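Asks: My structure is stored as data14.cif, with mmCIF, N, CA and C atoms and all ligand atoms.
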```cif
data_structure
#
loop_
_atom_site.label_atom_id
_atom_site.label_comp_id
_atom_site.auth_asym_id
_atom_site.auth_seq_id
_atom_site.Cartn_x
_atom_site.Cartn_y
_atom_site.Cartn_z
N MET A 9 -35.80 65.40 4.42
CA MET A 9 -36.67 64.53 5.20
C MET A 9 -35.84 63.35 5.75
N ALA A 10 -35.85 62.22 5.04
CA ALA A 10 -35.23 61.03 5.59
C ALA A 10 -33.80 60.83 5.11
N ASP A 11 -32.98 60.17 5.94
CA ASP A 11 -31.70 59.64 5.46
C ASP A 11 -32.00 58.44 4.59
N VAL A 12 -31.39 58.39 3.42
CA VAL A 12 -31.65 57.29 2.49
C VAL A 12 -30.34 56.55 2.24
N LYS A 13 -30.31 55.30 2.65
CA LYS A 13 -29.12 54.48 2.43
C LYS A 13 -28.97 54.19 0.94
N ASN A 14 -27.77 54.28 0.44
CA ASN A 14 -27.49 54.06 -1.00
C ASN A 14 -28.34 54.98 -1.89
N PHE A 15 -28.52 56.22 -1.45
CA PHE A 15 -29.33 57.20 -2.19
C PHE A 15 -28.95 57.24 -3.66
N ASP A 16 -29.97 57.19 -4.53
CA ASP A 16 -29.76 57.27 -5.98
C ASP A 16 -30.47 58.53 -6.48
N SER A 17 -29.69 59.49 -6.94
CA SER A 17 -30.25 60.79 -7.32
C SER A 17 -31.15 60.70 -8.55
N ASP A 18 -31.10 59.57 -9.27
CA ASP A 18 -31.98 59.39 -10.43
C ASP A 18 -33.28 58.68 -10.07
N CYS A 19 -33.43 58.31 -8.81
CA CYS A 19 -34.57 57.47 -8.41
C CYS A 19 -35.71 58.33 -7.85
N LEU A 20 -36.87 58.18 -8.46
CA LEU A 20 -38.05 58.94 -8.04
C LEU A 20 -38.37 58.73 -6.56
N PHE A 21 -38.33 57.49 -6.11
CA PHE A 21 -38.73 57.23 -4.72
C PHE A 21 -37.65 57.67 -3.74
N CYS A 22 -36.38 57.66 -4.14
CA CYS A 22 -35.35 58.26 -3.29
C CYS A 22 -35.61 59.76 -3.13
N LYS A 23 -36.03 60.40 -4.22
CA LYS A 23 -36.34 61.84 -4.16
C LYS A 23 -37.55 62.09 -3.26
N ILE A 24 -38.53 61.20 -3.30
CA ILE A 24 -39.68 61.33 -2.39
C ILE A 24 -39.21 61.20 -0.95
N LEU A 25 -38.33 60.23 -0.70
CA LEU A 25 -37.82 60.06 0.67
C LEU A 25 -37.09 61.30 1.15
N LYS A 26 -36.35 61.94 0.27
CA LYS A 26 -35.62 63.15 0.63
C LYS A 26 -36.54 64.36 0.80
N GLY A 27 -37.77 64.24 0.29
CA GLY A 27 -38.69 65.37 0.34
C GLY A 27 -38.55 66.30 -0.84
N ASP A 28 -37.76 65.89 -1.84
CA ASP A 28 -37.58 66.73 -3.03
C ASP A 28 -38.79 66.66 -3.96
N ILE A 29 -39.53 65.57 -3.87
CA ILE A 29 -40.80 65.42 -4.60
C ILE A 29 -41.88 65.20 -3.54
N PRO A 30 -43.00 65.93 -3.62
CA PRO A 30 -44.01 65.82 -2.57
C PRO A 30 -44.73 64.47 -2.61
N SER A 31 -45.20 64.06 -1.47
CA SER A 31 -45.99 62.83 -1.38
C SER A 31 -46.95 62.97 -0.21
N THR A 32 -47.98 62.15 -0.23
CA THR A 32 -48.96 62.15 0.86
C THR A 32 -48.64 61.00 1.80
N LYS A 33 -48.03 61.38 2.91
CA LYS A 33 -47.54 60.37 3.86
C LYS A 33 -48.68 59.67 4.58
N VAL A 34 -48.50 58.35 4.72
CA VAL A 34 -49.46 57.54 5.47
C VAL A 34 -48.81 56.99 6.74
N TYR A 35 -47.53 56.68 6.64
CA TYR A 35 -46.82 56.04 7.76
C TYR A 35 -45.32 56.23 7.55
N GLU A 36 -44.59 56.33 8.66
CA GLU A 36 -43.13 56.41 8.55
C GLU A 36 -42.50 55.88 9.82
N ASP A 37 -41.41 55.16 9.68
CA ASP A 37 -40.57 54.82 10.83
C ASP A 37 -39.12 54.88 10.37
N GLU A 38 -38.22 54.35 11.16
CA GLU A 38 -36.79 54.52 10.86
C GLU A 38 -36.35 53.74 9.61
N LEU A 39 -37.13 52.74 9.22
CA LEU A 39 -36.71 51.89 8.10
C LEU A 39 -37.55 52.03 6.84
N CYS A 40 -38.77 52.51 6.98
CA CYS A 40 -39.64 52.55 5.79
C CYS A 40 -40.58 53.76 5.82
N TYR A 41 -41.17 54.00 4.66
CA TYR A 41 -42.06 55.15 4.45
C TYR A 41 -43.22 54.69 3.58
N ALA A 42 -44.42 55.14 3.91
CA ALA A 42 -45.61 54.77 3.13
C ALA A 42 -46.34 56.03 2.71
N PHE A 43 -46.82 56.02 1.47
CA PHE A 43 -47.49 57.21 0.92
C PHE A 43 -48.53 56.76 -0.10
N ARG A 44 -49.45 57.67 -0.43
CA ARG A 44 -50.54 57.32 -1.35
C ARG A 44 -50.05 57.33 -2.79
N ASP A 45 -50.46 56.31 -3.55
CA ASP A 45 -50.10 56.24 -4.96
C ASP A 45 -50.77 57.41 -5.69
N ILE A 46 -50.01 58.01 -6.61
CA ILE A 46 -50.49 59.19 -7.32
C ILE A 46 -51.59 58.84 -8.33
N ALA A 47 -51.65 57.58 -8.74
CA ALA A 47 -52.66 57.13 -9.70
C ALA A 47 -53.34 55.87 -9.15
N PRO A 48 -54.17 56.05 -8.12
CA PRO A 48 -54.71 54.89 -7.40
C PRO A 48 -55.51 53.95 -8.29
N GLN A 49 -55.30 52.66 -8.07
CA GLN A 49 -56.03 51.63 -8.82
C GLN A 49 -57.07 50.94 -7.96
N ALA A 50 -57.29 51.47 -6.77
CA ALA A 50 -58.34 50.99 -5.85
C ALA A 50 -58.62 52.15 -4.90
N PRO A 51 -59.75 52.10 -4.19
CA PRO A 51 -60.05 53.21 -3.27
C PRO A 51 -58.91 53.49 -2.29
N THR A 52 -58.26 52.44 -1.83
CA THR A 52 -57.04 52.61 -1.04
C THR A 52 -55.88 52.02 -1.84
N HIS A 53 -54.89 52.84 -2.13
CA HIS A 53 -53.71 52.38 -2.88
C HIS A 53 -52.50 53.11 -2.29
N ILE A 54 -51.73 52.35 -1.54
CA ILE A 54 -50.59 52.90 -0.79
C ILE A 54 -49.32 52.20 -1.25
N LEU A 55 -48.23 52.94 -1.27
CA LEU A 55 -46.92 52.38 -1.58
C LEU A 55 -46.07 52.40 -0.32
N VAL A 56 -45.43 51.29 -0.03
CA VAL A 56 -44.54 51.18 1.13
C VAL A 56 -43.13 50.91 0.61
N ILE A 57 -42.20 51.77 1.00
CA ILE A 57 -40.84 51.68 0.46
C ILE A 57 -39.81 51.70 1.58
N PRO A 58 -38.69 51.00 1.38
CA PRO A 58 -37.60 51.09 2.37
C PRO A 58 -36.87 52.41 2.22
N LYS A 59 -36.28 52.86 3.32
CA LYS A 59 -35.43 54.06 3.28
C LYS A 59 -34.02 53.65 2.87
N GLU A 60 -33.99 52.81 1.89
CA GLU A 60 -32.73 52.33 1.32
C GLU A 60 -33.00 52.07 -0.15
N HIS A 61 -32.08 52.51 -1.01
CA HIS A 61 -32.29 52.24 -2.43
C HIS A 61 -31.95 50.79 -2.74
N ILE A 62 -33.00 49.99 -2.93
CA ILE A 62 -32.90 48.60 -3.38
C ILE A 62 -33.78 48.55 -4.61
N ALA A 63 -33.25 48.07 -5.73
CA ALA A 63 -33.97 48.24 -7.00
C ALA A 63 -35.28 47.48 -7.06
N SER A 64 -35.34 46.32 -6.47
CA SER A 64 -36.57 45.53 -6.50
C SER A 64 -36.41 44.36 -5.55
N ALA A 65 -37.46 43.55 -5.42
CA ALA A 65 -37.38 42.36 -4.56
C ALA A 65 -36.31 41.39 -5.06
N ALA A 66 -35.98 41.49 -6.34
CA ALA A 66 -34.94 40.60 -6.88
C ALA A 66 -33.57 40.89 -6.28
N GLU A 67 -33.42 42.09 -5.73
CA GLU A 67 -32.12 42.49 -5.17
C GLU A 67 -32.01 42.19 -3.67
N LEU A 68 -33.09 41.69 -3.07
CA LEU A 68 -33.04 41.42 -1.64
C LEU A 68 -32.14 40.23 -1.36
N SER A 69 -31.32 40.35 -0.33
CA SER A 69 -30.46 39.24 0.06
C SER A 69 -30.73 38.90 1.52
N ALA A 70 -30.81 37.60 1.79
CA ALA A 70 -31.08 37.15 3.16
C ALA A 70 -29.99 37.65 4.10
N ALA A 71 -28.76 37.68 3.60
CA ALA A 71 -27.64 38.08 4.46
C ALA A 71 -27.72 39.56 4.83
N GLU A 72 -28.16 40.39 3.87
CA GLU A 72 -28.09 41.84 4.10
C GLU A 72 -29.43 42.48 4.44
N ASN A 73 -30.53 41.89 3.98
CA ASN A 73 -31.81 42.61 4.07
C ASN A 73 -32.90 41.88 4.84
N ALA A 74 -32.55 40.79 5.53
CA ALA A 74 -33.59 39.99 6.19
C ALA A 74 -34.38 40.82 7.21
N ALA A 75 -33.67 41.59 8.02
CA ALA A 75 -34.36 42.36 9.06
C ALA A 75 -35.26 43.43 8.43
N LEU A 76 -34.75 44.09 7.39
CA LEU A 76 -35.54 45.12 6.72
C LEU A 76 -36.80 44.51 6.08
N ALA A 77 -36.63 43.39 5.37
CA ALA A 77 -37.76 42.75 4.71
C ALA A 77 -38.80 42.29 5.72
N ALA A 78 -38.35 41.71 6.81
CA ALA A 78 -39.28 41.25 7.85
C ALA A 78 -40.01 42.44 8.47
N HIS A 79 -39.28 43.52 8.66
CA HIS A 79 -39.89 44.72 9.24
C HIS A 79 -41.00 45.25 8.34
N ILE A 80 -40.71 45.37 7.04
CA ILE A 80 -41.73 45.90 6.13
C ILE A 80 -42.94 44.95 6.09
N LEU A 81 -42.70 43.67 6.04
CA LEU A 81 -43.83 42.72 6.01
C LEU A 81 -44.69 42.86 7.27
N ALA A 82 -44.07 43.20 8.38
CA ALA A 82 -44.85 43.37 9.62
C ALA A 82 -45.58 44.72 9.65
N VAL A 83 -45.05 45.70 8.94
CA VAL A 83 -45.68 47.02 8.89
C VAL A 83 -46.92 47.01 7.99
N LEU A 84 -46.89 46.21 6.92
CA LEU A 84 -48.00 46.23 5.96
C LEU A 84 -49.37 46.02 6.63
N PRO A 85 -49.55 44.98 7.45
CA PRO A 85 -50.88 44.81 8.06
C PRO A 85 -51.25 45.92 9.03
N ARG A 86 -50.25 46.55 9.62
CA ARG A 86 -50.57 47.68 10.52
C ARG A 86 -51.13 48.84 9.71
N ILE A 87 -50.57 49.09 8.54
CA ILE A 87 -51.08 50.16 7.68
C ILE A 87 -52.49 49.80 7.20
N ALA A 88 -52.66 48.55 6.77
CA ALA A 88 -53.98 48.12 6.29
C ALA A 88 -55.03 48.29 7.40
N ALA A 89 -54.68 47.95 8.61
CA ALA A 89 -55.62 48.09 9.73
C ALA A 89 -55.93 49.56 9.97
N ALA A 90 -54.89 50.39 9.93
CA ALA A 90 -55.09 51.83 10.16
C ALA A 90 -55.97 52.45 9.07
N GLU A 91 -55.92 51.86 7.87
CA GLU A 91 -56.74 52.36 6.76
C GLU A 91 -58.16 51.78 6.80
N GLY A 92 -58.41 50.88 7.74
CA GLY A 92 -59.75 50.31 7.89
C GLY A 92 -60.09 49.26 6.84
N LEU A 93 -59.08 48.56 6.35
CA LEU A 93 -59.32 47.57 5.29
C LEU A 93 -59.75 46.24 5.91
N THR A 94 -60.88 46.27 6.57
CA THR A 94 -61.32 45.09 7.31
C THR A 94 -61.78 43.95 6.40
N GLY A 95 -62.15 44.29 5.16
CA GLY A 95 -62.63 43.25 4.25
C GLY A 95 -61.52 42.51 3.52
N GLY A 96 -60.30 42.94 3.71
CA GLY A 96 -59.17 42.30 3.04
C GLY A 96 -58.41 43.31 2.19
N TRP A 97 -57.28 42.89 1.72
CA TRP A 97 -56.41 43.77 0.95
C TRP A 97 -55.40 42.91 0.21
N ARG A 98 -54.69 43.53 -0.69
CA ARG A 98 -53.72 42.80 -1.52
C ARG A 98 -52.38 43.52 -1.47
N ILE A 99 -51.30 42.74 -1.43
CA ILE A 99 -49.93 43.27 -1.55
C ILE A 99 -49.43 42.89 -2.93
N VAL A 100 -48.84 43.85 -3.61
CA VAL A 100 -48.21 43.59 -4.91
C VAL A 100 -46.82 44.22 -4.90
N SER A 101 -45.83 43.49 -5.38
CA SER A 101 -44.51 44.08 -5.60
C SER A 101 -44.04 43.65 -6.99
N ASN A 102 -44.09 44.58 -7.92
CA ASN A 102 -43.69 44.26 -9.29
C ASN A 102 -42.17 44.24 -9.39
N VAL A 103 -41.68 43.26 -10.14
CA VAL A 103 -40.23 43.10 -10.35
C VAL A 103 -39.96 43.02 -11.85
N GLY A 104 -39.31 44.06 -12.37
CA GLY A 104 -38.86 44.01 -13.75
C GLY A 104 -39.94 44.30 -14.77
N PRO A 105 -39.51 44.36 -16.04
CA PRO A 105 -40.41 44.80 -17.12
C PRO A 105 -41.61 43.89 -17.35
N ASP A 106 -41.46 42.58 -17.23
CA ASP A 106 -42.62 41.72 -17.47
C ASP A 106 -43.73 41.96 -16.45
N ALA A 107 -43.35 42.40 -15.26
CA ALA A 107 -44.35 42.69 -14.23
C ALA A 107 -44.82 44.14 -14.28
N GLY A 108 -44.21 44.94 -15.17
CA GLY A 108 -44.62 46.34 -15.29
C GLY A 108 -44.04 47.25 -14.25
N GLN A 109 -42.91 46.86 -13.66
CA GLN A 109 -42.27 47.75 -12.68
C GLN A 109 -41.81 49.02 -13.39
N THR A 110 -42.27 50.16 -12.89
CA THR A 110 -41.91 51.44 -13.52
C THR A 110 -40.94 52.26 -12.67
N VAL A 111 -40.88 51.98 -11.39
CA VAL A 111 -39.96 52.71 -10.51
C VAL A 111 -38.99 51.70 -9.89
N PRO A 112 -37.71 51.82 -10.23
CA PRO A 112 -36.75 50.81 -9.77
C PRO A 112 -36.25 51.07 -8.34
N HIS A 113 -37.19 51.12 -7.43
CA HIS A 113 -36.92 51.22 -5.99
C HIS A 113 -37.95 50.29 -5.34
N LEU A 114 -37.50 49.28 -4.64
CA LEU A 114 -38.41 48.29 -4.05
C LEU A 114 -39.64 48.95 -3.44
N HIS A 115 -40.81 48.47 -3.80
CA HIS A 115 -42.03 49.01 -3.20
C HIS A 115 -43.11 47.95 -3.16
N PHE A 116 -43.92 48.04 -2.14
CA PHE A 116 -45.06 47.15 -1.96
C PHE A 116 -46.32 47.99 -2.11
N HIS A 117 -47.17 47.62 -3.07
CA HIS A 117 -48.48 48.24 -3.19
C HIS A 117 -49.41 47.59 -2.17
N ILE A 118 -50.16 48.39 -1.45
CA ILE A 118 -51.29 47.90 -0.66
C ILE A 118 -52.55 48.38 -1.37
N LEU A 119 -53.38 47.42 -1.78
CA LEU A 119 -54.61 47.75 -2.52
C LEU A 119 -55.80 47.22 -1.75
N GLY A 120 -56.83 48.04 -1.63
CA GLY A 120 -58.02 47.58 -0.92
C GLY A 120 -59.12 48.62 -0.98
N GLY A 121 -60.16 48.34 -0.21
CA GLY A 121 -61.29 49.26 -0.15
C GLY A 121 -62.41 48.91 -1.10
N GLN A 122 -62.22 47.81 -1.83
CA GLN A 122 -63.28 47.30 -2.70
C GLN A 122 -62.99 45.82 -2.95
N ARG A 123 -63.95 45.12 -3.53
CA ARG A 123 -63.68 43.74 -3.96
C ARG A 123 -62.68 43.81 -5.11
N LEU A 124 -61.51 43.22 -4.90
CA LEU A 124 -60.45 43.28 -5.90
C LEU A 124 -60.65 42.21 -6.97
N SER A 125 -60.01 42.43 -8.10
CA SER A 125 -60.13 41.49 -9.22
C SER A 125 -59.74 40.07 -8.81
N ASP A 126 -60.49 39.09 -9.34
CA ASP A 126 -60.13 37.69 -9.09
C ASP A 126 -58.85 37.32 -9.83
N ARG A 127 -58.56 38.06 -10.88
CA ARG A 127 -57.35 37.80 -11.67
C ARG A 127 -56.17 38.56 -11.10
N MET A 128 -55.02 37.93 -11.03
CA MET A 128 -53.82 38.64 -10.59
C MET A 128 -52.91 38.93 -11.77
N ALA A 129 -53.18 38.34 -12.90
CA ALA A 129 -52.34 38.58 -14.08
C ALA A 129 -53.16 38.36 -15.33
P1 LIG B 1 -44.74 50.00 -10.28
O1 LIG B 1 -45.43 50.18 -11.60
O2 LIG B 1 -45.06 48.71 -9.60
O3 LIG B 1 -43.26 50.27 -10.39
O4 LIG B 1 -45.37 51.08 -9.32
C1 LIG B 1 -44.98 52.41 -9.34
C2 LIG B 1 -46.14 53.20 -8.79
O5 LIG B 1 -45.67 54.48 -8.45
C3 LIG B 1 -47.31 53.38 -9.76
O6 LIG B 1 -48.48 52.82 -9.20
C4 LIG B 1 -47.41 54.91 -9.89
O7 LIG B 1 -48.74 55.37 -9.97
C5 LIG B 1 -46.74 55.37 -8.62
N1 LIG B 1 -46.16 56.70 -8.67
C6 LIG B 1 -45.39 57.23 -9.66
N2 LIG B 1 -45.01 58.48 -9.33
C7 LIG B 1 -45.55 58.74 -8.11
C8 LIG B 1 -45.53 59.87 -7.24
N3 LIG B 1 -44.86 61.00 -7.54
N4 LIG B 1 -46.22 59.79 -6.07
C9 LIG B 1 -46.90 58.68 -5.76
N5 LIG B 1 -46.95 57.57 -6.53
C10 LIG B 1 -46.29 57.61 -7.70
#
```
Show how you would write the structure in this file as structure tokens.
Replies:
Amino acid sequence: MADVKNFDSDCLFCKILKGDIPSTKVYEDELCYAFRDIAPQAPTHILVIPKEHIASAAELSAAENAALAAHILAVLPRIAAAEGLTGGWRIVSNVGPDAGQTVPHLHFHILGGQRLSDRMA
């Protein structure tokens, strides 16, 4: 499927990008890919990932990743609009064990389709 910069053969989301593990695609462009979470925590639960292996938001650098980060942030509302999330939605990006990050490839959760919890933690 996609060319993956800094491909990590041990990374689940790199394998999804390569098409080695199936996923339900929602959106794709030259820099990022979006697919449905396999264990949704809201009626709409989408993951948006860069086509580059970056372990988490902690690894983003202004010098190297500014354009990619800005691009993904601009794509998120387009996906939310395409999904019809007119009542609002939430972006989550877990970083590290305290946040419960389970896949070490930068990803943004888009959650919506219902009134979301007032608590974020
Ligand atoms: P996090 O816990 O923030 O690292 O998020 C990882 C997310 O990946 C979880 O919400 C999982 O349900 C989701 N996930 C794990 N494996 C798959 C898969 N094969 N396809 C789609 N989503 C997955």
Asks: Per residue of chain A within 5 Å of ligand LIG 1 (chain B), note the shortest atom pair and the distance in Å to one decimal, counting only N, CA and C atoms and all ligand atoms, and order the rows by chain and increasing residue number, as CSV.
Replies:
```
residue,atom,partner,partner_atom,distance
A:Arg44,C,B:LIG1,C9,4.5
A:Asp45,CA,B:LIG1,N5,3.8
A:Ile46,N,B:LIG1,N5,3.1
A:Ala47,N,B:LIG1,O7,3.9
A:Asn102,N,B:LIG1,O2,4.6
A:Gly108,C,B:LIG1,O1,4.2
A:Gln109,CA,B:LIG1,O3,3.5
A:Thr110,N,B:LIG1,O3,2.7
A:Val111,N,B:LIG1,O3,3.1
```
Asks: Just write the chosen residues, N, CA and C atoms, as a PDB file, keeping the file's coordinate frame.
Replies:
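Generated output (result-v2.pdb):
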```
ATOM      1  N   ARG A  44     -49.450  57.670  -0.430  1.00  0.00           N
ATOM      2  CA  ARG A  44     -50.540  57.320  -1.350  1.00  0.00           C
ATOM      3  C   ARG A  44     -50.050  57.330  -2.790  1.00  0.00           C
ATOM      4  N   ASP A  45     -50.460  56.310  -3.550  1.00  0.00           N
ATOM      5  CA  ASP A  45     -50.100  56.240  -4.960  1.00  0.00           C
ATOM      6  C   ASP A  45     -50.770  57.410  -5.690  1.00  0.00           C
ATOM      7  N   ILE A  46     -50.010  58.010  -6.610  1.00  0.00           N
ATOM      8  CA  ILE A  46     -50.490  59.190  -7.320  1.00  0.00           C
ATOM      9  C   ILE A  46     -51.590  58.840  -8.330  1.00  0.00           C
ATOM     10  N   ALA A  47     -51.650  57.580  -8.740  1.00  0.00           N
ATOM     11  CA  ALA A  47     -52.660  57.130  -9.700  1.00  0.00           C
ATOM     12  C   ALA A  47     -53.340  55.870  -9.150  1.00  0.00           C
ATOM     13  N   ASN A 102     -44.090  44.580  -7.920  1.00  0.00           N
ATOM     14  CA  ASN A 102     -43.690  44.260  -9.290  1.00  0.00           C
ATOM     15  C   ASN A 102     -42.170  44.240  -9.390  1.00  0.00           C
ATOM     16  N   GLY A 108     -44.210  44.940 -15.170  1.00  0.00           N
ATOM     17  CA  GLY A 108     -44.620  46.340 -15.290  1.00  0.00           C
ATOM     18  C   GLY A 108     -44.040  47.250 -14.250  1.00  0.00           C
ATOM     19  N   GLN A 109     -42.910  46.860 -13.660  1.00  0.00           N
ATOM     20  CA  GLN A 109     -42.270  47.750 -12.680  1.00  0.00           C
ATOM     21  C   GLN A 109     -41.810  49.020 -13.390  1.00  0.00           C
ATOM     22  N   THR A 110     -42.270  50.160 -12.890  1.00  0.00           N
ATOM     23  CA  THR A 110     -41.910  51.440 -13.520  1.00  0.00           C
ATOM     24  C   THR A 110     -40.940  52.260 -12.670  1.00  0.00           C
ATOM     25  N   VAL A 111     -40.880  51.980 -11.390  1.00  0.00           N
ATOM     26  CA  VAL A 111     -39.960  52.710 -10.510  1.00  0.00           C
ATOM     27  C   VAL A 111     -38.990  51.700  -9.890  1.00  0.00           C
TER      28      VAL A 111
END
```
Asks: Could you give me, as number ranges by chain, each residue of stretch 48-104 of chain A that DSSP assigns to alpha helix (DSSP H) when run on this structure's backbone?
Replies: A: 70-90
Asks: Restricting the calculation to all atoms listed in the file, which member of A:Ala42, A:Ile24, A:Gly121, A:Phe116 is positioned closest to A:Gly92?
Replies: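 With all atoms listed in the file as the atom set, the closest residue is A:Gly121.
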Asks: I'd like the interatomic distance between atom CA of A:Ala65 and atom CA of A:Gly95, to a tenth of an Å.
Replies: 26.8 Å
Asks: Work out how far atom C of A:Ala66 is from atom C of A:Val100, in Å to one decimal.
Replies: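 A separation of 13.7 Å between them.
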Asks: Counting all atoms listed in the file, which residue out of A:Leu81, A:Ala88, A:Leu20, A:Ala10 sits closest to A:Lys59?
Replies: A:Ala10
Asks: Separation of atom N of A:Arg123 and atom CA of A:Pro30, in Å?
Replies: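 Between atom N of A:Arg123 and atom CA of A:Pro30 the gap works out to 28.8 Å.
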Asks: In the coordinate frame of the file, compute which residues have an atom within 7 Å of (-57.2, 52.3, -3.1) when using all atoms listed in the file, and state them as an MDAnalysis selection string.
Replies: chainID A and resid 48:54 118:122
Asks: As a list in words, which residues of stretch 10-126 of chain A does DSSP assign to strand (DSSP E)?
Replies: Lys33, Val34, Tyr35, Glu36, Cys40, Tyr41, Ala42, Phe43, Arg44, Thr52, His53, Ile54, Leu55, Val56, Ile57, Pro58, Trp97, Arg98, Ile99, Val100, Phe116, His117, Ile118, Leu119 and Gly120 of chain A
Asks: Taking into account only C-alpha atoms, which residue in the set A:Met128, A:Ala82, A:Ala71, A:Leu114 is nearest to A:Phe21?
Replies: A:Leu114
Asks: Using only C-alpha atoms, which protein or nucleic acid residues come within 12 Å of A:Asp18? Drop anything in the same chain fewer than 2 positions from it, and give the result as a VMD selection string.
Replies: chain A and resid 14 to 16 20 to 24 28 61 63 111 to 113
Asks: Return the single residue from A:Ile99, A:Leu39, A:Ile62, A:Cys19 that is closest to A:Leu76, with distances computed using only C-alpha atoms.
Replies: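 Once distances to A:Leu76 are computed over only C-alpha atoms, the minimum belongs to A:Leu39.
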Asks: Go through A:Asp11, A:Pro58, A:Lys26, A:Asp106 and flag the residue nearest A:Ile80, using only N, CA and C atoms for the distances.
Replies: A:Pro58
Asks: Which one of A:Ala75, A:Leu68, A:Val12, A:Ile87 sits closest to A:Val34 if you count all atoms listed in the file?
Replies: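 Distance minimum relative to A:Val34 lands on A:Ile87.
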